[in-house]
file structure_2.cif (mmCIF, C-alpha atoms and all ligand atoms)
data_work
loop_
_atom_site.group_PDB
_atom_site.id
_atom_site.type_symbol
_atom_site.label_atom_id
_atom_site.label_comp_id
_atom_site.auth_asym_id
_atom_site.auth_seq_id
_atom_site.Cartn_x
_atom_site.Cartn_y
_atom_site.Cartn_z
ATOM 1 C CA MET A 1 -134.080 -13.730 192.632
ATOM 2 C CA ALA A 2 -135.538 -12.952 189.203
ATOM 3 C CA ASP A 3 -132.833 -15.088 187.561
ATOM 4 C CA ALA A 4 -133.326 -18.115 189.855
ATOM 5 C CA LYS A 5 -133.427 -21.445 188.016
ATOM 6 C CA ILE A 6 -136.867 -23.004 188.443
ATOM 7 C CA THR A 7 -137.524 -26.706 188.013
ATOM 8 C CA LEU A 8 -141.194 -27.604 187.684
ATOM 9 C CA ILE A 9 -142.125 -31.205 188.414
ATOM 10 C CA GLY A 10 -145.459 -31.951 186.739
ATOM 11 C CA ALA A 11 -146.703 -29.678 183.952
ATOM 12 C CA GLY A 12 -150.384 -30.620 184.042
ATOM 13 C CA ARG A 13 -153.200 -28.130 184.396
ATOM 14 C CA MET A 14 -151.848 -26.195 187.378
ATOM 15 C CA GLY A 15 -148.164 -26.627 186.586
ATOM 16 C CA SER A 16 -148.540 -25.379 183.026
ATOM 17 C CA ALA A 17 -150.708 -22.441 184.182
ATOM 18 C CA LEU A 18 -147.881 -21.441 186.528
ATOM 19 C CA ALA A 19 -145.124 -21.896 183.944
ATOM 20 C CA GLY A 20 -147.192 -20.004 181.341
ATOM 21 C CA GLY A 21 -147.377 -17.068 183.769
ATOM 22 C CA TRP A 22 -143.614 -17.155 184.446
ATOM 23 C CA LEU A 23 -142.907 -17.101 180.710
ATOM 24 C CA LYS A 24 -145.413 -14.305 180.124
ATOM 25 C CA ALA A 25 -143.837 -12.272 182.922
ATOM 26 C CA GLY A 26 -140.495 -12.687 181.135
ATOM 27 C CA ARG A 27 -138.589 -14.264 184.025
ATOM 28 C CA SER A 28 -134.925 -14.191 183.186
ATOM 29 C CA GLY A 29 -133.991 -17.456 184.944
ATOM 30 C CA GLN A 30 -133.933 -20.872 183.258
ATOM 31 C CA ILE A 31 -137.153 -22.898 183.503
ATOM 32 C CA ASP A 32 -136.823 -26.683 183.465
ATOM 33 C CA ILE A 33 -139.891 -28.878 183.137
ATOM 34 C CA VAL A 34 -139.941 -32.489 184.277
ATOM 35 C CA ASP A 35 -142.965 -34.384 182.996
ATOM 36 C CA PRO A 36 -143.054 -37.663 181.062
ATOM 37 C CA ALA A 37 -145.687 -36.507 178.572
ATOM 38 C CA PRO A 38 -146.209 -32.740 178.659
ATOM 39 C CA ALA A 39 -149.358 -31.170 177.206
ATOM 40 C CA GLY A 40 -149.442 -29.386 173.830
ATOM 41 C CA VAL A 41 -148.736 -25.892 175.113
ATOM 42 C CA VAL A 42 -145.678 -27.175 176.992
ATOM 43 C CA GLN A 43 -144.461 -28.965 173.838
ATOM 44 C CA ASP A 44 -144.608 -25.579 172.075
ATOM 45 C CA TRP A 45 -142.398 -23.953 174.747
ATOM 46 C CA ILE A 46 -139.940 -26.841 174.492
ATOM 47 C CA ALA A 47 -139.820 -26.575 170.673
ATOM 48 C CA ALA A 48 -139.307 -22.798 170.936
ATOM 49 C CA GLY A 49 -136.442 -23.283 173.405
ATOM 50 C CA GLN A 50 -138.298 -21.329 176.119
ATOM 51 C CA VAL A 51 -137.975 -24.189 178.605
ATOM 52 C CA ARG A 52 -135.780 -27.280 178.926
ATOM 53 C CA HIS A 53 -137.534 -30.645 179.106
ATOM 54 C CA ASN A 54 -136.461 -33.466 181.439
ATOM 55 C CA PRO A 55 -132.857 -32.287 181.917
ATOM 56 C CA ALA A 56 -130.542 -34.552 183.934
ATOM 57 C CA PRO A 57 -131.085 -34.137 187.690
ATOM 58 C CA ALA A 58 -129.224 -31.151 189.147
ATOM 59 C CA PRO A 59 -130.104 -28.942 192.119
ATOM 60 C CA ALA A 60 -132.625 -26.218 191.249
ATOM 61 C CA ASP A 61 -132.741 -22.800 192.905
ATOM 62 C CA ILE A 62 -136.513 -23.213 193.178
ATOM 63 C CA LEU A 63 -138.251 -26.568 192.825
ATOM 64 C CA VAL A 64 -142.001 -26.420 192.241
ATOM 65 C CA VAL A 65 -143.823 -29.724 192.779
ATOM 66 C CA ALA A 66 -147.154 -29.912 190.925
ATOM 67 C CA VAL A 67 -147.760 -33.643 190.491
ATOM 68 C CA LYS A 68 -150.752 -35.412 191.987
ATOM 69 C CA PRO A 69 -150.271 -36.208 195.683
ATOM 70 C CA GLN A 70 -150.952 -39.908 194.963
ATOM 71 C CA VAL A 71 -147.797 -40.193 192.816
ATOM 72 C CA PHE A 72 -145.526 -38.110 195.061
ATOM 73 C CA GLY A 73 -144.513 -41.020 197.315
ATOM 74 C CA ALA A 74 -143.184 -43.060 194.396
ATOM 75 C CA LEU A 75 -141.450 -40.018 192.837
ATOM 76 C CA ALA A 76 -139.936 -38.426 195.926
ATOM 77 C CA GLU A 77 -136.562 -40.124 195.635
ATOM 78 C CA GLU A 78 -136.181 -38.960 191.993
ATOM 79 C CA ILE A 79 -137.340 -35.440 192.843
ATOM 80 C CA ALA A 80 -134.886 -35.263 195.767
ATOM 81 C CA LYS A 81 -132.018 -35.521 193.252
ATOM 82 C CA ARG A 82 -132.969 -32.003 192.128
ATOM 83 C CA VAL A 83 -132.735 -30.627 195.683
ATOM 84 C CA GLY A 84 -129.444 -29.152 196.929
ATOM 85 C CA PRO A 85 -128.585 -27.276 200.133
ATOM 86 C CA GLU A 86 -129.755 -23.947 198.630
ATOM 87 C CA THR A 87 -132.883 -25.257 196.864
ATOM 88 C CA ARG A 88 -136.218 -23.814 197.957
ATOM 89 C CA VAL A 89 -139.150 -26.190 197.481
ATOM 90 C CA LEU A 90 -142.697 -25.013 196.748
ATOM 91 C CA SER A 91 -145.382 -27.709 196.627
ATOM 92 C CA ILE A 92 -148.933 -27.147 195.394
ATOM 93 C CA MET A 93 -149.926 -30.755 196.181
ATOM 94 C CA ALA A 94 -153.051 -31.078 198.290
ATOM 95 C CA GLY A 95 -152.571 -32.925 201.551
ATOM 96 C CA VAL A 96 -148.772 -33.400 201.551
ATOM 97 C CA SER A 97 -147.534 -31.795 204.772
ATOM 98 C CA LEU A 98 -144.474 -29.603 205.248
ATOM 99 C CA ALA A 99 -142.994 -32.358 207.439
ATOM 100 C CA THR A 100 -143.529 -35.022 204.750
ATOM 101 C CA LEU A 101 -142.015 -32.749 202.085
ATOM 102 C CA ALA A 102 -139.007 -32.047 204.294
ATOM 103 C CA THR A 103 -138.437 -35.722 205.125
ATOM 104 C CA ARG A 104 -138.966 -37.075 201.611
ATOM 105 C CA LEU A 105 -136.991 -34.336 199.821
ATOM 106 C CA GLY A 106 -134.227 -33.989 202.393
ATOM 107 C CA THR A 107 -134.514 -30.250 203.011
ATOM 108 C CA ALA A 108 -136.153 -28.020 205.614
ATOM 109 C CA ASN A 109 -136.540 -25.298 202.983
ATOM 110 C CA VAL A 110 -140.142 -26.094 202.078
ATOM 111 C CA ALA A 111 -143.367 -24.204 201.463
ATOM 112 C CA ARG A 112 -146.863 -25.300 200.524
ATOM 113 C CA ALA A 113 -149.481 -23.475 198.526
ATOM 114 C CA MET A 114 -153.105 -24.354 197.898
ATOM 115 C CA PRO A 115 -154.422 -22.942 194.636
ATOM 116 C CA ASN A 116 -157.942 -23.347 193.259
ATOM 117 C CA THR A 117 -159.289 -24.073 189.781
ATOM 118 C CA PRO A 118 -160.125 -20.470 188.776
ATOM 119 C CA GLY A 119 -156.312 -20.162 188.844
ATOM 120 C CA LEU A 120 -156.403 -21.859 185.456
ATOM 121 C CA VAL A 121 -157.832 -18.594 184.065
ATOM 122 C CA GLY A 122 -155.798 -16.320 186.367
ATOM 123 C CA LYS A 123 -158.800 -15.693 188.659
ATOM 124 C CA GLY A 124 -157.887 -18.033 191.490
ATOM 125 C CA VAL A 125 -156.926 -17.471 195.069
ATOM 126 C CA THR A 126 -153.897 -19.348 196.367
ATOM 127 C CA ILE A 127 -153.175 -19.834 200.062
ATOM 128 C CA LEU A 128 -149.496 -19.650 200.957
ATOM 129 C CA CYS A 129 -148.249 -21.807 203.826
ATOM 130 C CA PRO A 130 -144.462 -21.603 204.183
ATOM 131 C CA LYS A 131 -142.339 -23.202 206.868
ATOM 132 C CA PRO A 132 -142.254 -21.123 210.058
ATOM 133 C CA GLY A 133 -139.512 -18.488 209.997
ATOM 134 C CA THR A 134 -139.555 -17.920 206.228
ATOM 135 C CA THR A 135 -138.014 -14.511 205.510
ATOM 136 C CA GLU A 136 -139.976 -11.593 204.044
ATOM 137 C CA SER A 137 -137.906 -11.708 200.856
ATOM 138 C CA ASP A 138 -138.562 -15.457 200.423
ATOM 139 C CA LEU A 139 -142.274 -14.823 201.033
ATOM 140 C CA ALA A 140 -142.303 -12.124 198.361
ATOM 141 C CA GLU A 141 -140.602 -14.486 195.943
ATOM 142 C CA LEU A 142 -143.050 -17.315 196.681
ATOM 143 C CA LYS A 143 -145.982 -14.958 196.144
ATOM 144 C CA ALA A 144 -144.535 -13.759 192.836
ATOM 145 C CA LEU A 145 -144.189 -17.388 191.692
ATOM 146 C CA LEU A 146 -147.875 -18.050 192.419
ATOM 147 C CA GLU A 147 -149.314 -14.816 190.995
ATOM 148 C CA PRO A 148 -149.972 -16.287 187.524
ATOM 149 C CA LEU A 149 -152.890 -18.112 189.185
ATOM 150 C CA GLY A 150 -154.462 -14.920 190.615
ATOM 151 C CA ASP A 151 -154.502 -13.555 194.186
ATOM 152 C CA VAL A 152 -152.122 -14.989 196.763
ATOM 153 C CA VAL A 153 -153.135 -14.832 200.442
ATOM 154 C CA GLY A 154 -151.137 -15.623 203.551
ATOM 155 C CA PRO A 155 -148.864 -16.697 204.936
ATOM 156 C CA ILE A 156 -151.043 -18.913 207.120
ATOM 157 C CA THR A 157 -149.986 -21.687 209.477
ATOM 158 C CA GLU A 158 -150.343 -25.313 208.433
ATOM 159 C CA ALA A 159 -152.880 -25.850 211.232
ATOM 160 C CA LYS A 160 -155.262 -23.445 209.437
ATOM 161 C CA LEU A 161 -154.700 -24.927 205.988
ATOM 162 C CA PRO A 162 -157.486 -27.571 206.101
ATOM 163 C CA ALA A 163 -160.102 -24.913 206.940
ATOM 164 C CA ALA A 164 -158.738 -22.519 204.324
ATOM 165 C CA THR A 165 -158.702 -25.348 201.765
ATOM 166 C CA ALA A 166 -162.306 -26.206 202.633
ATOM 167 C CA LEU A 167 -163.238 -22.657 201.574
ATOM 168 C CA SER A 168 -161.126 -21.723 198.576
ATOM 169 C CA GLY A 169 -159.782 -25.094 197.395
ATOM 170 C CA CYS A 170 -163.211 -26.749 197.432
ATOM 171 C CA GLY A 171 -165.184 -23.530 196.974
ATOM 172 C CA PRO A 172 -165.370 -23.437 193.173
ATOM 173 C CA ALA A 173 -167.400 -26.667 193.398
ATOM 174 C CA TYR A 174 -169.776 -24.952 195.825
ATOM 175 C CA GLY A 175 -170.275 -22.163 193.260
ATOM 176 C CA PHE A 176 -170.954 -24.667 190.463
ATOM 177 C CA LEU A 177 -173.340 -26.567 192.741
ATOM 178 C CA LEU A 178 -175.222 -23.348 193.426
ATOM 179 C CA ALA A 179 -175.831 -22.928 189.675
ATOM 180 C CA GLU A 180 -176.918 -26.583 189.471
ATOM 181 C CA VAL A 181 -179.417 -26.471 192.328
ATOM 182 C CA MET A 182 -180.797 -23.091 191.229
ATOM 183 C CA ALA A 183 -181.404 -24.532 187.751
ATOM 184 C CA ALA A 184 -182.999 -27.676 189.200
ATOM 185 C CA ALA A 185 -185.345 -25.528 191.298
ATOM 186 C CA GLY A 186 -186.323 -23.578 188.181
ATOM 187 C CA VAL A 187 -187.078 -26.838 186.361
ATOM 188 C CA ALA A 188 -189.142 -28.016 189.338
ATOM 189 C CA HIS A 189 -191.214 -24.860 188.929
ATOM 190 C CA GLY A 190 -191.875 -25.331 185.218
ATOM 191 C CA LEU A 191 -188.904 -23.765 183.374
ATOM 192 C CA ALA A 192 -187.295 -25.643 180.482
ATOM 193 C CA PRO A 193 -183.930 -27.168 181.570
ATOM 194 C CA ASP A 194 -181.861 -25.142 179.044
ATOM 195 C CA LEU A 195 -183.449 -21.873 180.072
ATOM 196 C CA ALA A 196 -183.154 -22.676 183.793
ATOM 197 C CA MET A 197 -179.453 -23.541 183.462
ATOM 198 C CA ARG A 198 -178.711 -20.457 181.361
ATOM 199 C CA LEU A 199 -180.418 -18.191 183.900
ATOM 200 C CA ALA A 200 -178.702 -19.876 186.862
ATOM 201 C CA ARG A 201 -175.254 -19.922 185.280
ATOM 202 C CA LYS A 202 -175.285 -16.326 184.017
ATOM 203 C CA THR A 203 -176.616 -15.185 187.393
ATOM 204 C CA VAL A 204 -173.827 -16.896 189.351
ATOM 205 C CA GLU A 205 -171.257 -15.530 186.886
ATOM 206 C CA GLY A 206 -172.775 -12.047 187.058
ATOM 207 C CA ALA A 207 -172.938 -12.006 190.859
ATOM 208 C CA GLY A 208 -169.240 -12.973 190.938
ATOM 209 C CA ALA A 209 -168.341 -10.215 188.482
ATOM 210 C CA LEU A 210 -170.363 -7.669 190.462
ATOM 211 C CA MET A 211 -168.625 -8.691 193.681
ATOM 212 C CA GLU A 212 -165.220 -8.544 191.970
ATOM 213 C CA GLY A 213 -165.849 -4.971 190.827
ATOM 214 C CA SER A 214 -167.306 -3.741 194.119
ATOM 215 C CA PRO A 215 -165.645 -2.480 197.320
ATOM 216 C CA GLU A 216 -168.730 -3.666 199.314
ATOM 217 C CA ASP A 217 -168.646 -6.900 201.276
ATOM 218 C CA ALA A 218 -170.838 -9.847 200.235
ATOM 219 C CA SER A 219 -173.384 -9.194 202.955
ATOM 220 C CA THR A 220 -173.904 -5.561 201.844
ATOM 221 C CA LEU A 221 -174.235 -6.616 198.212
ATOM 222 C CA ARG A 222 -176.885 -9.140 199.258
ATOM 223 C CA LYS A 223 -178.811 -6.543 201.276
ATOM 224 C CA ASN A 224 -178.581 -4.104 198.321
ATOM 225 C CA VAL A 225 -180.586 -6.515 196.139
ATOM 226 C CA THR A 226 -183.122 -7.445 198.830
ATOM 227 C CA SER A 227 -186.096 -5.081 199.049
ATOM 228 C CA PRO A 228 -187.982 -5.256 202.357
ATOM 229 C CA ASN A 229 -190.898 -7.684 202.013
ATOM 230 C CA GLY A 230 -189.919 -8.321 198.410
ATOM 231 C CA VAL A 231 -189.506 -11.455 196.370
ATOM 232 C CA THR A 232 -185.792 -11.953 197.131
ATOM 233 C CA GLN A 233 -186.404 -11.575 200.850
ATOM 234 C CA ALA A 234 -188.992 -14.369 200.709
ATOM 235 C CA ALA A 235 -186.388 -16.705 199.202
ATOM 236 C CA LEU A 236 -183.612 -15.619 201.576
ATOM 237 C CA GLU A 237 -185.767 -16.259 204.625
ATOM 238 C CA VAL A 238 -185.829 -19.912 203.585
ATOM 239 C CA LEU A 239 -182.148 -20.113 202.600
ATOM 240 C CA MET A 240 -180.856 -18.231 205.634
ATOM 241 C CA SER A 241 -182.922 -19.902 208.327
ATOM 242 C CA PRO A 242 -180.550 -21.401 210.937
ATOM 243 C CA GLU A 243 -181.118 -25.004 209.859
ATOM 244 C CA ALA A 244 -180.626 -24.147 206.153
ATOM 245 C CA MET A 245 -177.526 -22.680 204.455
ATOM 246 C CA PRO A 246 -175.630 -21.471 207.547
ATOM 247 C CA SER A 247 -175.844 -24.894 209.174
ATOM 248 C CA ILE A 248 -175.394 -26.895 205.964
ATOM 249 C CA PHE A 249 -172.254 -24.952 205.008
ATOM 250 C CA GLU A 250 -170.797 -25.341 208.469
ATOM 251 C CA GLN A 251 -171.339 -29.118 208.204
ATOM 252 C CA ALA A 252 -169.936 -29.224 204.662
ATOM 253 C CA VAL A 253 -166.788 -27.359 205.688
ATOM 254 C CA ALA A 254 -166.380 -29.670 208.708
ATOM 255 C CA ALA A 255 -166.588 -32.703 206.393
ATOM 256 C CA ALA A 256 -164.012 -31.182 204.004
ATOM 257 C CA ILE A 257 -161.629 -30.421 206.885
ATOM 258 C CA ALA A 258 -161.935 -33.989 208.233
ATOM 259 C CA ARG A 259 -161.227 -35.451 204.782
ATOM 260 C CA ASP A 260 -158.254 -33.132 204.229
ATOM 261 C CA ILE A 261 -156.731 -34.196 207.547
ATOM 262 C CA ALA A 262 -157.313 -37.897 206.751
ATOM 263 C CA LEU A 263 -155.703 -37.520 203.292
ATOM 264 C CA SER A 264 -152.672 -35.790 204.804
ATOM 265 C CA LYS A 265 -152.184 -38.790 207.106
ATOM 266 C CA GLU A 266 -152.331 -41.142 204.088
ATOM 267 C CA THR A 267 -149.450 -39.322 202.347
ATOM 268 C CA GLU A 268 -147.174 -39.259 205.420
HETATM 269 N N1 LIG B 301 -156.555 -28.536 189.900
HETATM 270 C C1 LIG B 301 -156.866 -27.905 191.052
HETATM 271 O O1 LIG B 301 -157.857 -27.218 191.200
HETATM 272 C C2 LIG B 301 -155.943 -27.982 192.230
HETATM 273 C C3 LIG B 301 -156.263 -27.248 193.368
HETATM 274 C C4 LIG B 301 -155.399 -27.307 194.448
HETATM 275 C C5 LIG B 301 -154.275 -28.100 194.385
HETATM 276 N N2 LIG B 301 -154.012 -28.802 193.267
HETATM 277 C C6 LIG B 301 -152.833 -29.641 193.255
HETATM 278 O O2 LIG B 301 -152.067 -29.357 192.117
HETATM 279 C C7 LIG B 301 -151.405 -30.549 191.736
HETATM 280 C C8 LIG B 301 -151.549 -30.703 190.246
HETATM 281 O O3 LIG B 301 -152.929 -30.785 189.901
HETATM 282 P P1 LIG B 301 -153.392 -30.705 188.393
HETATM 283 O O4 LIG B 301 -154.852 -30.501 188.399
HETATM 284 O O5 LIG B 301 -152.509 -29.760 187.641
HETATM 285 O O6 LIG B 301 -153.050 -32.222 187.960
HETATM 286 P P2 LIG B 301 -152.628 -32.795 186.547
HETATM 287 O O7 LIG B 301 -153.225 -31.963 185.452
HETATM 288 O O8 LIG B 301 -152.880 -34.268 186.572
HETATM 289 O O9 LIG B 301 -151.057 -32.525 186.517
HETATM 290 C C9 LIG B 301 -150.092 -33.382 187.066
HETATM 291 C C10 LIG B 301 -148.997 -33.541 186.029
HETATM 292 O O10 LIG B 301 -147.941 -34.329 186.580
HETATM 293 C C11 LIG B 301 -147.535 -35.227 185.576
HETATM 294 N N3 LIG B 301 -146.768 -36.363 186.042
HETATM 295 C C12 LIG B 301 -147.195 -37.626 186.282
HETATM 296 N N4 LIG B 301 -146.159 -38.409 186.642
HETATM 297 C C13 LIG B 301 -145.063 -37.615 186.619
HETATM 298 C C14 LIG B 301 -143.696 -37.849 186.856
HETATM 299 N N5 LIG B 301 -143.251 -39.073 187.157
HETATM 300 N N6 LIG B 301 -142.834 -36.818 186.775
HETATM 301 C C15 LIG B 301 -143.276 -35.592 186.436
HETATM 302 N N7 LIG B 301 -144.564 -35.324 186.151
HETATM 303 C C16 LIG B 301 -145.448 -36.316 186.253
HETATM 304 C C17 LIG B 301 -148.827 -35.624 184.925
HETATM 305 O O11 LIG B 301 -148.614 -36.291 183.708
HETATM 306 P P3 LIG B 301 -149.743 -37.328 183.180
HETATM 307 O O12 LIG B 301 -150.988 -36.544 182.988
HETATM 308 O O13 LIG B 301 -149.128 -37.826 181.908
HETATM 309 O O14 LIG B 301 -149.885 -38.369 184.258
HETATM 310 C C18 LIG B 301 -149.480 -34.259 184.755
HETATM 311 O O15 LIG B 301 -148.999 -33.593 183.610
HETATM 312 C C19 LIG B 301 -151.997 -31.703 192.525
HETATM 313 O O16 LIG B 301 -151.079 -32.112 193.507
HETATM 314 C C20 LIG B 301 -153.202 -31.108 193.176
HETATM 315 O O17 LIG B 301 -153.397 -31.635 194.484
HETATM 316 C C21 LIG B 301 -154.808 -28.758 192.179
#
call {"tool": "encode", "arguments": {"input": "structure_2.cif", "output": "structure tokens", "more": "lines below"}}
Ligand SMILES: NC(=O)c1ccc[n+]([C@@H]2O[C@H](COP(=O)([O-])OP(=O)(O)OC[C@H]3O[C@@H](n4cnc5c(N)ncnc54)[C@H](OP(=O)(O)O)[C@@H]3O)[C@@H](O)[C@H]2O)c1
result
Amino acid sequence: MADAKITLIGAGRMGSALAGGWLKAGRSGQIDIVDPAPAGVVQDWIAAGQVRHNPAPAPADILVVAVKPQVFGALAEEIAKRVGPETRVLSIMAGVSLATLATRLGTANVARAMPNTPGLVGKGVTILCPKPGTTESDLAELKALLEPLGDVVGPITEAKLPAATALSGCGPAYGFLLAEVMAAAGVAHGLAPDLAMRLARKTVEGAGALMEGSPEDASTLRKNVTSPNGVTQAALEVLMSPEAMPSIFEQAVAAAIARDIALSKETE
């Protein structure tokens, strides 16, 4: 429904990136924003009459919950006042399960999505996890709502969400860490810190851009820049030995999954 009334709860970094995309796409439906102290860009939309701010509770067609998971428990009763029998709920909160959303908001019509920080510049990937049995047209609508943040993948089942989150939700930090440890290695081998960080950062950025523009998979791109017996191969033999990156990443993802599951239990 292009003219569905959307109520956004929480217009912080992610919430305002979503709402900015809806406004840019020229959605015809009313957009209501509920947030005690919205950021500057949101204040501009309110002043321009593009969105309504903190309207009295009334059922939304689509309710998007983008507050921190830690505050959801205390807010759920208030938020539930904006949920009617026809309201569809989309939560981007990490770790709040479909069952918890359904119980606390009093509707079975719930979906979760897990965005990542590159979504703030429209380059993210968001995992869509709707309730089982969600119709194709509802899926298409949920995807359209999330597209301001970048690619939308799924639907996936909730059982797979912790592993998917451990890749894409946490993954931007892995990319930043790669730049950090590359720079530190350069410093250890005599480069000035500024130069080492510039080289590491631009290289990680450039590799990402190359991958974005290429139909090849990551493994082929890696092989394309690795001459037999060359300098890169010498480094990769260290990084790719079984006890190095393959094993470390497997352990890191296992730790992220365990933490995600524990956090979900805390918000039940
Ligand atoms: N950022 C990410 O990369 C990322 C990735 C995946 C999932 N998520 C999920 O996205 C959600 C939002 O994250 P974020 O980074 O956008 O957080 P954020 O910038 O802190 O945004 C949350 C917003 O909710 C507002 N808020 C607080 N109390 C409220 C209330 N009573 N009613 C309405 N709004 C209220 C906050 O206002 P104040 O600032 O004034 O408290 C803030 O504007 C989180 O649940 C997070 O788990 C984020």
call {"tool": "atom_distance", "arguments": {"input": "structure_2.cif", "atom1": "CA of Leu145 in chain A", "atom2": "CA of Leu263 in chain A"}}
result
25.9 Å
call {"tool": "axis_aligned_box", "arguments": {"input": "structure_2.cif", "around": "range 29-48 of chain A", "padding_each_side": "3 Å", "output": "AutoDock Vina command-line options"}}
result
--center_x -141.7 --center_y -27.6 --center_z 177.8 --size_x 21.5 --size_y 26.2 --size_z 20.3
call {"tool": "closest_residue", "arguments": {"input": "structure_2.cif", "among": "A:Ile33, A:Ala47, A:Met14, A:Leu146", "to": "ligand LIG 301 (chain B)", "atoms": "all atoms listed in the file"}}
result
A:Met14
call {"tool": "closest_atom_pairs", "arguments": {"input": "structure_2.cif", "of": "chain A", "to": "ligand LIG 301 (chain B)", "cutoff": "10 Å", "atoms": "all atoms listed in the file", "output": "tab-separated table"}}
result
residue	atom	partner	partner_atom	distance
A:Leu8	CA	B:LIG301	C15	8.3
A:Ile9	CA	B:LIG301	C15	4.9
A:Gly10	CA	B:LIG301	O10	3.4
A:Ala11	CA	B:LIG301	O15	4.6
A:Gly12	CA	B:LIG301	O9	3.2
A:Arg13	CA	B:LIG301	O5	3.7
A:Met14	CA	B:LIG301	O5	3.6
A:Gly15	CA	B:LIG301	O5	5.5
A:Ser16	CA	B:LIG301	O5	7.5
A:Ala17	CA	B:LIG301	O5	8.3
A:Leu18	CA	B:LIG301	O5	9.6
A:Ile33	CA	B:LIG301	C15	8.2
A:Val34	CA	B:LIG301	C15	5.0
A:Asp35	CA	B:LIG301	C15	3.7
A:Pro36	CA	B:LIG301	C15	5.8
A:Ala37	CA	B:LIG301	O13	5.0
A:Pro38	CA	B:LIG301	O15	5.7
A:Ala39	CA	B:LIG301	O15	6.9
A:Val42	CA	B:LIG301	O15	9.8
A:Asn54	CA	B:LIG301	C15	8.7
A:Val65	CA	B:LIG301	O16	7.7
A:Ala66	CA	B:LIG301	C7	4.4
A:Val67	CA	B:LIG301	O10	4.0
A:Lys68	CA	B:LIG301	O16	3.6
A:Pro69	CA	B:LIG301	O16	4.7
A:Gln70	CA	B:LIG301	O16	7.9
A:Val71	CA	B:LIG301	N4	6.6
A:Phe72	CA	B:LIG301	N5	8.3
A:Ala74	CA	B:LIG301	N5	8.3
A:Leu75	CA	B:LIG301	N5	6.0
A:Ala76	CA	B:LIG301	N5	9.4
A:Glu78	CA	B:LIG301	N5	8.6
A:Ile79	CA	B:LIG301	N6	8.3
A:Ser91	CA	B:LIG301	O16	7.8
A:Ile92	CA	B:LIG301	O2	5.0
A:Met93	CA	B:LIG301	O16	3.2
A:Ala94	CA	B:LIG301	O17	3.9
A:Gly95	CA	B:LIG301	O17	7.2
A:Val96	CA	B:LIG301	O16	8.5
A:Ala113	CA	B:LIG301	C5	7.8
A:Met114	CA	B:LIG301	C4	5.1
A:Pro115	CA	B:LIG301	C4	4.5
A:Asn116	CA	B:LIG301	C3	4.2
A:Thr117	CA	B:LIG301	O1	3.7
A:Pro118	CA	B:LIG301	O1	7.5
A:Gly119	CA	B:LIG301	O1	7.6
A:Leu120	CA	B:LIG301	O1	8.0
A:Gly124	CA	B:LIG301	O1	9.2
A:Val125	CA	B:LIG301	C3	9.9
A:Thr126	CA	B:LIG301	C4	8.3
A:Ile127	CA	B:LIG301	C4	9.6
A:Thr165	CA	B:LIG301	C4	8.3
A:Ser168	CA	B:LIG301	C4	9.0
A:Gly169	CA	B:LIG301	C4	5.7
A:Cys170	CA	B:LIG301	C3	8.1
A:Pro172	CA	B:LIG301	O1	8.6
A:Ala173	CA	B:LIG301	O1	9.8
call {"tool": "residues_around", "arguments": {"input": "structure_2.cif", "residues": "Thr87 in chain A", "least_positions_apart": "3", "cutoff": "6 Å", "atoms": "all atoms listed in the file", "output": "PDB file with C-alpha atoms, keeping the file's coordinate frame"}}
result
ATOM      1  CA  ALA A  60    -132.625 -26.218 191.249  1.00  0.00           C
ATOM      2  CA  ASP A  61    -132.741 -22.800 192.905  1.00  0.00           C
ATOM      3  CA  ILE A  62    -136.513 -23.213 193.178  1.00  0.00           C
ATOM      4  CA  VAL A  83    -132.735 -30.627 195.683  1.00  0.00           C
ATOM      5  CA  GLY A  84    -129.444 -29.152 196.929  1.00  0.00           C
TER       6      GLY A  84
END
call {"tool": "residues_near_point", "arguments": {"input": "structure_2.cif", "point": "(-143.2, -17.2, 206.5)", "cutoff": "12 Å", "atoms": "only C-alpha atoms", "output": "list of chain:residue names"}}
result
A:Asn109, A:Val110, A:Ala111, A:Arg112, A:Ala113, A:Leu128, A:Cys129, A:Pro130, A:Lys131, A:Pro132, A:Gly133, A:Thr134, A:Thr135, A:Glu136, A:Ser137, A:Asp138, A:Leu139, A:Ala140, A:Glu141, A:Leu142, A:Lys143, A:Val153, A:Gly154, A:Pro155, A:Ile156, A:Thr157, A:Glu158
call {"tool": "resolve_selection", "arguments": {"input": "structure_2.cif", "expression": "the PyMOL selection byres (((chain A and resi 249) around 12) and not hetatm)", "output": "list in words"}}
result
Ala166, Leu167, Cys170, Gly171, Tyr174, Leu239, Met240, Pro242, Glu243, Ala244, Met245, Pro246, Ser247, Ile248, Glu250, Gln251, Ala252, Val253, Ala254, Ala255 and Ala256 of chain A
call {"tool": "atom_distance", "arguments": {"input": "structure_2.cif", "atom1": "CA of Ala56 in chain A", "atom2": "CA of Ile6 in chain A"}}
result
13.9 Å
call {"tool": "atom_distance", "arguments": {"input": "structure_2.cif", "atom1": "CA of Ala108 in chain A", "atom2": "CA of Ile261 in chain A"}}
result
21.6 Å
call {"tool": "closest_residue", "arguments": {"input": "structure_2.cif", "among": "A:Pro162, A:Gly106, A:Gly190, A:Gly20", "to": "Ala258 in chain A", "atoms": "only C-alpha atoms"}}
result
A:Pro162
call {"tool": "residues_around", "arguments": {"input": "structure_2.cif", "residues": "Arg27 in chain A", "least_positions_apart": "3", "cutoff": "9 Å", "atoms": "all atoms listed in the file", "output": "JSON, numbers by chain"}}
result
{"A": [2, 3, 4, 22, 23, 24, 30, 31]}
call {"tool": "closest_residue", "arguments": {"input": "structure_2.cif", "among": "A:Lys5, A:Asn229, A:Asp260, A:Ala102", "to": "Lys160 in chain A", "atoms": "only C-alpha atoms"}}
result
A:Asp260
call {"tool": "closest_residue", "arguments": {"input": "structure_2.cif", "among": "A:Leu90, A:Ala218, A:Ala159, A:Val181", "to": "Ala200 in chain A", "atoms": "only C-alpha atoms"}}
result
A:Val181
